[in-house]
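Coordinates as given in target-v5.pdb (PDB, C-alpha atoms):
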ATOM      1  CA  MET P   1    -139.473 -16.152  68.106  1.00  0.00           C
ATOM      2  CA  ALA P   2    -137.859 -17.678  65.063  1.00  0.00           C
ATOM      3  CA  SER P   3    -134.588 -16.331  63.755  1.00  0.00           C
ATOM      4  CA  VAL P   4    -135.027 -13.784  60.959  1.00  0.00           C
ATOM      5  CA  ASP P   5    -132.644 -15.612  58.654  1.00  0.00           C
ATOM      6  CA  LYS P   6    -133.893 -19.091  59.395  1.00  0.00           C
ATOM      7  CA  PRO P   7    -136.338 -20.622  56.898  1.00  0.00           C
ATOM      8  CA  ILE P   8    -139.831 -21.352  58.220  1.00  0.00           C
ATOM      9  CA  GLY P   9    -141.165 -24.858  57.725  1.00  0.00           C
ATOM     10  CA  ILE P  10    -144.698 -25.080  56.343  1.00  0.00           C
ATOM     11  CA  ALA P  11    -145.255 -28.764  55.666  1.00  0.00           C
ATOM     12  CA  LEU P  12    -143.561 -32.129  55.855  1.00  0.00           C
ATOM     13  CA  ILE P  13    -145.929 -34.867  54.738  1.00  0.00           C
ATOM     14  CA  ILE P  14    -145.242 -38.563  54.126  1.00  0.00           C
ATOM     15  CA  CYS P  15    -147.251 -39.968  51.259  1.00  0.00           C
ATOM     16  CA  ASP P  16    -147.160 -42.475  48.441  1.00  0.00           C
ATOM     17  CA  ARG P  17    -146.792 -39.966  45.595  1.00  0.00           C
ATOM     18  CA  VAL P  18    -147.414 -36.376  44.559  1.00  0.00           C
ATOM     19  CA  ILE P  19    -149.423 -35.661  41.427  1.00  0.00           C
ATOM     20  CA  THR P  20    -148.999 -32.325  39.639  1.00  0.00           C
ATOM     21  CA  ASP P  21    -151.930 -31.005  37.625  1.00  0.00           C
ATOM     22  CA  ALA P  22    -150.685 -30.400  34.096  1.00  0.00           C
ATOM     23  CA  VAL P  23    -152.751 -27.219  33.633  1.00  0.00           C
ATOM     24  CA  THR P  24    -152.750 -25.420  36.974  1.00  0.00           C
ATOM     25  CA  HIS P  25    -149.565 -27.029  38.418  1.00  0.00           C
ATOM     26  CA  GLU P  26    -151.456 -27.666  41.661  1.00  0.00           C
ATOM     27  CA  LYS P  27    -150.201 -30.571  43.753  1.00  0.00           C
ATOM     28  CA  THR P  28    -152.210 -33.501  45.066  1.00  0.00           C
ATOM     29  CA  LEU P  29    -150.728 -35.672  47.804  1.00  0.00           C
ATOM     30  CA  VAL P  30    -151.882 -39.260  47.396  1.00  0.00           C
ATOM     31  CA  SER P  31    -152.131 -41.817  50.228  1.00  0.00           C
ATOM     32  CA  THR P  32    -150.632 -40.042  53.217  1.00  0.00           C
ATOM     33  CA  PHE P  33    -149.588 -42.420  55.989  1.00  0.00           C
ATOM     34  CA  ASN P  34    -147.696 -42.596  59.264  1.00  0.00           C
ATOM     35  CA  GLN P  35    -147.288 -46.320  59.728  1.00  0.00           C
ATOM     36  CA  LEU P  36    -145.709 -49.114  57.733  1.00  0.00           C
ATOM     37  CA  LEU P  37    -146.130 -52.819  58.454  1.00  0.00           C
ATOM     38  CA  ALA P  38    -144.047 -55.709  57.166  1.00  0.00           C
ATOM     39  CA  ASN P  39    -144.025 -59.493  57.543  1.00  0.00           C
ATOM     40  CA  ARG P  40    -140.282 -59.670  58.135  1.00  0.00           C
ATOM     41  CA  PHE P  41    -137.189 -57.499  58.327  1.00  0.00           C
ATOM     42  CA  PRO P  42    -135.309 -56.131  56.532  1.00  0.00           C
ATOM     43  CA  CYS P  43    -138.206 -55.071  54.345  1.00  0.00           C
ATOM     44  CA  VAL P  44    -138.354 -53.077  51.117  1.00  0.00           C
ATOM     45  CA  HIS P  45    -141.039 -50.448  50.571  1.00  0.00           C
ATOM     46  CA  PRO P  46    -141.502 -49.827  46.832  1.00  0.00           C
ATOM     47  CA  ARG P  47    -142.207 -46.087  46.979  1.00  0.00           C
ATOM     48  CA  LEU P  48    -142.251 -43.364  49.610  1.00  0.00           C
ATOM     49  CA  THR P  49    -142.567 -39.646  48.884  1.00  0.00           C
ATOM     50  CA  LEU P  50    -141.846 -36.760  51.241  1.00  0.00           C
ATOM     51  CA  PHE P  51    -143.545 -33.440  50.454  1.00  0.00           C
ATOM     52  CA  VAL P  52    -141.789 -30.430  51.954  1.00  0.00           C
ATOM     53  CA  ALA P  53    -142.707 -26.730  51.833  1.00  0.00           C
ATOM     54  CA  VAL P  54    -140.565 -23.956  53.353  1.00  0.00           C
ATOM     55  CA  THR P  55    -140.436 -20.174  53.150  1.00  0.00           C
ATOM     56  CA  ASN P  56    -138.524 -17.201  54.619  1.00  0.00           C
ATOM     57  CA  GLY P  57    -135.283 -18.338  53.023  1.00  0.00           C
ATOM     58  CA  ARG P  58    -132.583 -16.029  51.730  1.00  0.00           C
ATOM     59  CA  GLY P  59    -130.240 -16.833  48.890  1.00  0.00           C
ATOM     60  CA  THR P  60    -129.335 -20.450  48.452  1.00  0.00           C
ATOM     61  CA  ALA P  61    -129.659 -22.932  51.292  1.00  0.00           C
ATOM     62  CA  GLU P  62    -128.014 -26.316  51.592  1.00  0.00           C
ATOM     63  CA  ALA P  63    -130.972 -28.567  52.252  1.00  0.00           C
ATOM     64  CA  GLU P  64    -130.930 -32.100  53.543  1.00  0.00           C
ATOM     65  CA  ILE P  65    -133.691 -34.595  54.139  1.00  0.00           C
ATOM     66  CA  ARG P  66    -132.991 -37.741  56.082  1.00  0.00           C
ATOM     67  CA  CYS P  67    -134.727 -40.626  57.751  1.00  0.00           C
ATOM     68  CA  VAL P  68    -133.332 -42.162  60.919  1.00  0.00           C
ATOM     69  CA  ASN P  69    -134.459 -45.075  63.067  1.00  0.00           C
ATOM     70  CA  GLU P  70    -134.963 -43.479  66.476  1.00  0.00           C
ATOM     71  CA  SER P  71    -135.423 -46.901  68.049  1.00  0.00           C
ATOM     72  CA  ASP P  72    -131.998 -47.987  66.809  1.00  0.00           C
ATOM     73  CA  GLN P  73    -129.665 -45.210  68.001  1.00  0.00           C
ATOM     74  CA  ASN P  74    -130.765 -42.843  65.226  1.00  0.00           C
ATOM     75  CA  SER P  75    -129.183 -45.044  62.580  1.00  0.00           C
ATOM     76  CA  PRO P  76    -129.611 -43.500  59.091  1.00  0.00           C
ATOM     77  CA  VAL P  77    -132.033 -45.280  56.767  1.00  0.00           C
ATOM     78  CA  PHE P  78    -132.058 -43.027  53.681  1.00  0.00           C
ATOM     79  CA  GLY P  79    -131.542 -39.385  52.774  1.00  0.00           C
ATOM     80  CA  MET P  80    -130.726 -36.787  50.150  1.00  0.00           C
ATOM     81  CA  LYS P  81    -128.862 -33.465  50.009  1.00  0.00           C
ATOM     82  CA  GLY P  82    -129.072 -30.516  47.648  1.00  0.00           C
ATOM     83  CA  ALA P  83    -129.103 -26.728  47.218  1.00  0.00           C
ATOM     84  CA  ILE P  84    -132.435 -24.888  47.050  1.00  0.00           C
ATOM     85  CA  PRO P  85    -132.673 -21.261  45.869  1.00  0.00           C
ATOM     86  CA  PHE P  86    -134.938 -18.671  47.557  1.00  0.00           C
ATOM     87  CA  PRO P  87    -135.545 -15.706  45.197  1.00  0.00           C
ATOM     88  CA  ASP P  88    -137.003 -13.683  48.092  1.00  0.00           C
ATOM     89  CA  PRO P  89    -138.100 -14.330  51.711  1.00  0.00           C
ATOM     90  CA  ASN P  90    -141.792 -14.513  50.773  1.00  0.00           C
ATOM     91  CA  HIS P  91    -141.121 -17.200  48.226  1.00  0.00           C
ATOM     92  CA  VAL P  92    -142.541 -20.629  49.076  1.00  0.00           C
ATOM     93  CA  VAL P  93    -140.313 -23.462  47.969  1.00  0.00           C
ATOM     94  CA  GLU P  94    -142.126 -26.764  47.604  1.00  0.00           C
ATOM     95  CA  MET P  95    -140.285 -30.007  47.098  1.00  0.00           C
ATOM     96  CA  SER P  96    -141.151 -33.646  46.729  1.00  0.00           C
ATOM     97  CA  PHE P  97    -138.588 -36.340  47.362  1.00  0.00           C
ATOM     98  CA  GLN P  98    -139.564 -39.673  45.902  1.00  0.00           C
ATOM     99  CA  PHE P  99    -137.595 -42.619  47.212  1.00  0.00           C
ATOM    100  CA  ASN P 100    -138.005 -45.947  45.433  1.00  0.00           C
ATOM    101  CA  ASN P 101    -137.079 -49.324  46.964  1.00  0.00           C
ATOM    102  CA  VAL P 102    -136.529 -48.031  50.474  1.00  0.00           C
ATOM    103  CA  THR P 103    -135.035 -50.724  52.712  1.00  0.00           C
ATOM    104  CA  PHE P 104    -135.924 -50.682  56.401  1.00  0.00           C
ATOM    105  CA  PRO P 105    -133.412 -52.928  58.177  1.00  0.00           C
ATOM    106  CA  LYS P 106    -135.274 -52.978  61.494  1.00  0.00           C
ATOM    107  CA  PRO P 107    -138.696 -52.037  62.843  1.00  0.00           C
ATOM    108  CA  GLY P 108    -139.076 -49.042  65.135  1.00  0.00           C
ATOM    109  CA  LEU P 109    -140.034 -45.402  65.407  1.00  0.00           C
ATOM    110  CA  HIS P 110    -138.548 -43.556  62.436  1.00  0.00           C
ATOM    111  CA  GLY P 111    -137.962 -39.834  62.220  1.00  0.00           C
ATOM    112  CA  ILE P 112    -137.912 -37.711  59.065  1.00  0.00           C
ATOM    113  CA  GLU P 113    -135.855 -34.546  59.406  1.00  0.00           C
ATOM    114  CA  PHE P 114    -135.525 -31.631  57.006  1.00  0.00           C
ATOM    115  CA  LEU P 115    -132.537 -29.368  57.565  1.00  0.00           C
ATOM    116  CA  CYS P 116    -131.404 -26.123  55.952  1.00  0.00           C
ATOM    117  CA  ASP P 117    -127.726 -25.204  56.364  1.00  0.00           C
ATOM    118  CA  GLY P 118    -127.473 -27.790  59.124  1.00  0.00           C
ATOM    119  CA  GLU P 119    -130.402 -26.397  61.145  1.00  0.00           C
ATOM    120  CA  LEU P 120    -133.458 -28.533  61.814  1.00  0.00           C
ATOM    121  CA  ILE P 121    -136.475 -26.902  60.131  1.00  0.00           C
ATOM    122  CA  LEU P 122    -139.102 -29.656  60.026  1.00  0.00           C
ATOM    123  CA  GLN P 123    -139.507 -33.034  61.658  1.00  0.00           C
ATOM    124  CA  THR P 124    -142.084 -35.798  61.607  1.00  0.00           C
ATOM    125  CA  ARG P 125    -142.255 -39.399  62.719  1.00  0.00           C
ATOM    126  CA  PHE P 126    -143.690 -42.641  61.478  1.00  0.00           C
ATOM    127  CA  GLN P 127    -143.796 -46.156  62.814  1.00  0.00           C
ATOM    128  CA  VAL P 128    -142.369 -49.170  61.018  1.00  0.00           C
ATOM    129  CA  GLY P 129    -143.747 -52.297  62.631  1.00  0.00           C
ATOM    130  CA  MET P 130    -144.125 -56.038  62.341  1.00  0.00           C
ATOM    131  CA  MET P 131    -147.411 -57.282  60.918  1.00  0.00           C
ATOM    132  CA  GLU P 132    -149.335 -59.454  63.363  1.00  0.00           C
ATOM    133  CA  GLN P 133    -149.531 -63.058  62.148  1.00  0.00           C
ATOM    134  CA  THR P 134    -153.053 -64.487  62.221  1.00  0.00           C
TER     135      THR P 134
ATOM    136  CA  MET Z   1    -170.164 -29.103  65.766  1.00  0.00           C
ATOM    137  CA  PRO Z   2    -170.857 -29.377  62.067  1.00  0.00           C
ATOM    138  CA  THR Z   3    -171.209 -26.229  60.046  1.00  0.00           C
ATOM    139  CA  ILE Z   4    -174.122 -26.161  57.669  1.00  0.00           C
ATOM    140  CA  THR Z   5    -174.205 -23.578  54.952  1.00  0.00           C
ATOM    141  CA  ARG Z   6    -177.463 -22.585  53.352  1.00  0.00           C
ATOM    142  CA  GLU Z   7    -175.854 -20.422  50.738  1.00  0.00           C
ATOM    143  CA  THR Z   8    -175.486 -21.671  47.235  1.00  0.00           C
ATOM    144  CA  PRO Z   9    -171.778 -21.777  46.377  1.00  0.00           C
ATOM    145  CA  TYR Z  10    -170.923 -19.145  43.841  1.00  0.00           C
ATOM    146  CA  PHE Z  11    -167.631 -19.034  42.027  1.00  0.00           C
ATOM    147  CA  HIS Z  12    -166.609 -15.696  40.670  1.00  0.00           C
ATOM    148  CA  ARG Z  13    -163.983 -15.417  37.981  1.00  0.00           C
ATOM    149  CA  LEU Z  14    -162.328 -12.104  37.238  1.00  0.00           C
ATOM    150  CA  ASP Z  15    -161.716 -12.868  33.612  1.00  0.00           C
ATOM    151  CA  ASP Z  16    -161.873 -15.649  31.108  1.00  0.00           C
ATOM    152  CA  SER Z  17    -158.141 -16.350  31.126  1.00  0.00           C
ATOM    153  CA  PRO Z  18    -157.146 -20.003  31.122  1.00  0.00           C
ATOM    154  CA  PRO Z  19    -156.405 -21.476  34.594  1.00  0.00           C
ATOM    155  CA  ALA Z  20    -152.689 -21.770  33.792  1.00  0.00           C
ATOM    156  CA  ASP Z  21    -152.428 -17.992  33.324  1.00  0.00           C
ATOM    157  CA  LEU Z  22    -154.362 -17.284  36.529  1.00  0.00           C
ATOM    158  CA  ALA Z  23    -152.080 -19.598  38.514  1.00  0.00           C
ATOM    159  CA  LYS Z  24    -148.979 -17.520  37.741  1.00  0.00           C
ATOM    160  CA  GLY Z  25    -147.584 -15.214  40.401  1.00  0.00           C
ATOM    161  CA  GLU Z  26    -148.094 -11.484  39.983  1.00  0.00           C
ATOM    162  CA  GLY Z  27    -145.904  -8.668  41.282  1.00  0.00           C
ATOM    163  CA  SER Z  28    -145.049  -8.878  44.974  1.00  0.00           C
ATOM    164  CA  LYS Z  29    -147.741 -11.434  45.774  1.00  0.00           C
ATOM    165  CA  LEU Z  30    -146.741 -14.741  47.302  1.00  0.00           C
ATOM    166  CA  HIS Z  31    -145.492 -17.225  44.782  1.00  0.00           C
ATOM    167  CA  SER Z  32    -143.747 -20.561  44.887  1.00  0.00           C
ATOM    168  CA  THR Z  33    -141.429 -22.843  43.057  1.00  0.00           C
ATOM    169  CA  TYR Z  34    -141.571 -26.605  43.022  1.00  0.00           C
ATOM    170  CA  PHE Z  35    -138.717 -29.056  42.866  1.00  0.00           C
ATOM    171  CA  GLU Z  36    -139.133 -32.760  42.315  1.00  0.00           C
ATOM    172  CA  PHE Z  37    -136.423 -35.225  43.307  1.00  0.00           C
ATOM    173  CA  ARG Z  38    -136.488 -38.929  42.605  1.00  0.00           C
ATOM    174  CA  LEU Z  39    -134.099 -41.536  43.885  1.00  0.00           C
ATOM    175  CA  THR Z  40    -134.258 -45.268  43.244  1.00  0.00           C
ATOM    176  CA  LEU Z  41    -132.325 -47.071  45.915  1.00  0.00           C
ATOM    177  CA  PRO Z  42    -130.642 -50.413  45.295  1.00  0.00           C
ATOM    178  CA  ALA Z  43    -132.594 -53.291  46.765  1.00  0.00           C
ATOM    179  CA  ILE Z  44    -130.421 -54.663  49.569  1.00  0.00           C
ATOM    180  CA  VAL Z  45    -132.741 -57.460  50.590  1.00  0.00           C
ATOM    181  CA  ALA Z  46    -132.021 -60.624  48.647  1.00  0.00           C
ATOM    182  CA  VAL Z  47    -135.058 -62.054  46.949  1.00  0.00           C
ATOM    183  CA  ALA Z  48    -135.418 -65.835  46.882  1.00  0.00           C
ATOM    184  CA  ALA Z  49    -134.483 -66.884  43.357  1.00  0.00           C
ATOM    185  CA  THR Z  50    -135.189 -70.612  43.668  1.00  0.00           C
ATOM    186  CA  GLU Z  51    -137.798 -71.580  41.143  1.00  0.00           C
ATOM    187  CA  LEU Z  52    -140.031 -74.544  41.831  1.00  0.00           C
ATOM    188  CA  SER Z  53    -140.330 -77.285  39.229  1.00  0.00           C
ATOM    189  CA  ASP Z  54    -143.719 -78.128  37.684  1.00  0.00           C
ATOM    190  CA  SER Z  55    -144.072 -81.267  39.786  1.00  0.00           C
ATOM    191  CA  GLU Z  56    -143.170 -79.354  42.955  1.00  0.00           C
ATOM    192  CA  LEU Z  57    -145.724 -76.671  42.104  1.00  0.00           C
ATOM    193  CA  LEU Z  58    -148.360 -79.367  41.492  1.00  0.00           C
ATOM    194  CA  VAL Z  59    -147.621 -81.056  44.816  1.00  0.00           C
ATOM    195  CA  ALA Z  60    -147.696 -77.703  46.612  1.00  0.00           C
ATOM    196  CA  ALA Z  61    -151.018 -76.811  44.996  1.00  0.00           C
ATOM    197  CA  GLU Z  62    -152.530 -80.196  45.854  1.00  0.00           C
ATOM    198  CA  LYS Z  63    -151.365 -79.933  49.432  1.00  0.00           C
ATOM    199  CA  ALA Z  64    -152.861 -76.472  49.638  1.00  0.00           C
ATOM    200  CA  GLY Z  65    -156.183 -77.895  48.484  1.00  0.00           C
ATOM    201  CA  THR Z  66    -156.284 -75.934  45.247  1.00  0.00           C
ATOM    202  CA  PHE Z  67    -157.349 -78.887  43.142  1.00  0.00           C
ATOM    203  CA  GLU Z  68    -159.605 -80.526  45.697  1.00  0.00           C
ATOM    204  CA  PHE Z  69    -162.701 -79.323  43.874  1.00  0.00           C
ATOM    205  CA  LEU Z  70    -161.780 -81.405  40.825  1.00  0.00           C
ATOM    206  CA  ASN Z  71    -162.519 -84.562  42.782  1.00  0.00           C
ATOM    207  CA  SER Z  72    -166.062 -83.490  43.519  1.00  0.00           C
ATOM    208  CA  PRO Z  73    -168.690 -85.329  41.373  1.00  0.00           C
ATOM    209  CA  GLU Z  74    -170.269 -82.177  39.938  1.00  0.00           C
ATOM    210  CA  GLU Z  75    -166.905 -81.079  38.507  1.00  0.00           C
ATOM    211  CA  ASP Z  76    -166.241 -84.389  36.745  1.00  0.00           C
ATOM    212  CA  ARG Z  77    -168.188 -83.436  33.626  1.00  0.00           C
ATOM    213  CA  TYR Z  78    -165.464 -84.495  31.199  1.00  0.00           C
ATOM    214  CA  ASN Z  79    -165.403 -88.084  32.425  1.00  0.00           C
ATOM    215  CA  ASP Z  80    -169.176 -88.109  32.625  1.00  0.00           C
ATOM    216  CA  SER Z  81    -169.475 -87.167  28.954  1.00  0.00           C
ATOM    217  CA  LEU Z  82    -166.914 -89.829  28.044  1.00  0.00           C
ATOM    218  CA  LYS Z  83    -168.927 -92.462  29.922  1.00  0.00           C
ATOM    219  CA  LYS Z  84    -172.108 -91.411  28.150  1.00  0.00           C
ATOM    220  CA  ASN Z  85    -170.424 -91.748  24.762  1.00  0.00           C
ATOM    221  CA  GLU Z  86    -169.180 -95.222  25.490  1.00  0.00           C
TER     222      GLU Z  86
END
Using structure tokens, write down the structure from this file.
Amino acid sequence: MASVDKPIGIALIICDRVITDAVTHEKTLVSTFNQLLANRFPCVHPRLTLFVAVTNGRGTAEAEIRCVNESDQNSPVFGMKGAIPFPDPNHVVEMSFQFNNVTFPKPGLHGIEFLCDGELILQTRFQVGMMEQT
Amino acid sequence: MPTITRETPYFHRLDDSPPADLAKGEGSKLHSTYFEFRLTLPAIVAVAATELSDSELLVAAEKAGTFEFLNSPEEDRYNDSLKKNE
């Protein structure tokens, strides 16, 4: 059973971008993916967005999102840190992290981790691979 | 197994309030906040900045076969019209 004080992860989705409806403020995740291919390395991906939703938080939590290359001794690729406020435990906090010009030095299995106060809340993986030459 | 509904969808609205008002949280019901973060990372990969000259581009295009079609008889209309005028 999860700790009472620990936030509960709802979603961690990798996509191209998140569109917010101007009237209803509903979110639309565009072009979700779990694999990236490149002709050569290092490669630059123009845009990558991570959509995160968590709940059951209390007070303010120090959040961190990071991407590591699990095939290369968990070397960090990119990341971001910040404080997120939880008005009450039932509150759902949704976040989108848009990273532009992400450089992937090497191919391999990459992990995306979302942490609150140093504790792992959500995790997903995606593959960065070499495009097959025809 | 696919689910097939034979009912006609019916959308019921409690009032005529605009959607933005209906989307707001009420009382102790579940509600959410949304944060958007954007970060533009510096491009570490060096991009080739060498620009080809016009003659180099022409040679590259010819070698790639881009202009091959110009040598075909049906594409030589300009010279044909010149010959007719002579």
Kindly resolve the PyMOL selection byres ((chain P and resi 28) around 9) on the present coordinates and return the residues as a VMD selection string.
chain P and resid 17 to 21 26 to 27 29 to 30
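The list of residues with at least one atom within 6 Å of Ile8 (chain P), based on only C-alpha atoms and without residues fewer than 6 positions apart in the same chain, reads P:Val54, P:Thr55, P:Asn56.
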Pairwise distance, CA of Asp16 (chain P) with CA of Pro85 (chain P), equals 25.8 Å
Check what the PyMOL selection byres ((chain P) within 6 of (chain Z)) selects in the file above and give those residues as a PyMOL selection string.
chain P and resi 23-24+91-101
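Between CA of Pro7 (chain P) and CA of Gly108 (chain P) there is a distance of 29.7 Å.
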Any chance you could work out the residue set of the PyMOL selection byres ((chain P and resi 127) around 7) here, as a PyMOL selection string?
chain P and resi 34-36+108-110+125-126+128-129
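CA of Gly118 (chain P) is found 28.9 Å from CA of Pro46 (chain P).
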Skip Cys67 (chain P) itself and residues of its chain fewer than 2 positions away, then list as a list in words all residues within 10 Å of it, counting only C-alpha atoms.
Ile65, Asn69, Glu70, Asn74, Ser75, Pro76, Val77, Phe78, Gly79, Met80, His110, Gly111, Ile112, Glu113, Phe114, Gln123, Thr124, Arg125 and Phe126 of chain P
Excluding Asn39 (chain P) and any residue of its chain fewer than 6 positions from it, enumerate the residues within 12 Å of it, using all atoms listed in the file, and give them as a PyMOL selection string.
chain P and resi 45+106-107+128-134
Expected file contents, prior selection, C-alpha atoms, as a short mmCIF file (atom, residue, chain, number, x, y, z; two decimals), in the coordinates of the input:
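Dumped to again_9.cif:
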data_model
loop_
_atom_site.label_atom_id
_atom_site.label_comp_id
_atom_site.auth_asym_id
_atom_site.auth_seq_id
_atom_site.Cartn_x
_atom_site.Cartn_y
_atom_site.Cartn_z
CA HIS P 45 -141.04 -50.45 50.57
CA LYS P 106 -135.27 -52.98 61.49
CA PRO P 107 -138.70 -52.04 62.84
CA VAL P 128 -142.37 -49.17 61.02
CA GLY P 129 -143.75 -52.30 62.63
CA MET P 130 -144.12 -56.04 62.34
CA MET P 131 -147.41 -57.28 60.92
CA GLU P 132 -149.34 -59.45 63.36
CA GLN P 133 -149.53 -63.06 62.15
CA THR P 134 -153.05 -64.49 62.22
#
If I wrap all listed atoms of region 80-88 of chain P in a box with edges along x, y and z and add 5 Å on each side, what are its centre and edge lengths in Å to one decimal, as AutoDock Vina command-line options?
--center_x -132.9 --center_y -25.2 --center_z 47.7 --size_x 18.1 --size_y 33.1 --size_z 15.0
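Distance check against Val44 (chain P) using only C-alpha atoms: of P:Val102, P:Val68, P:Leu12, P:Ala22, the minimum falls on P:Val102.
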Considering all atoms listed in the file, return as a count of residues only whatever protein or nucleic-acid residues lie within 9 Å of Thr60 (chain P), sequence-local ones (same chain, fewer than 2 positions apart) excluded.
8
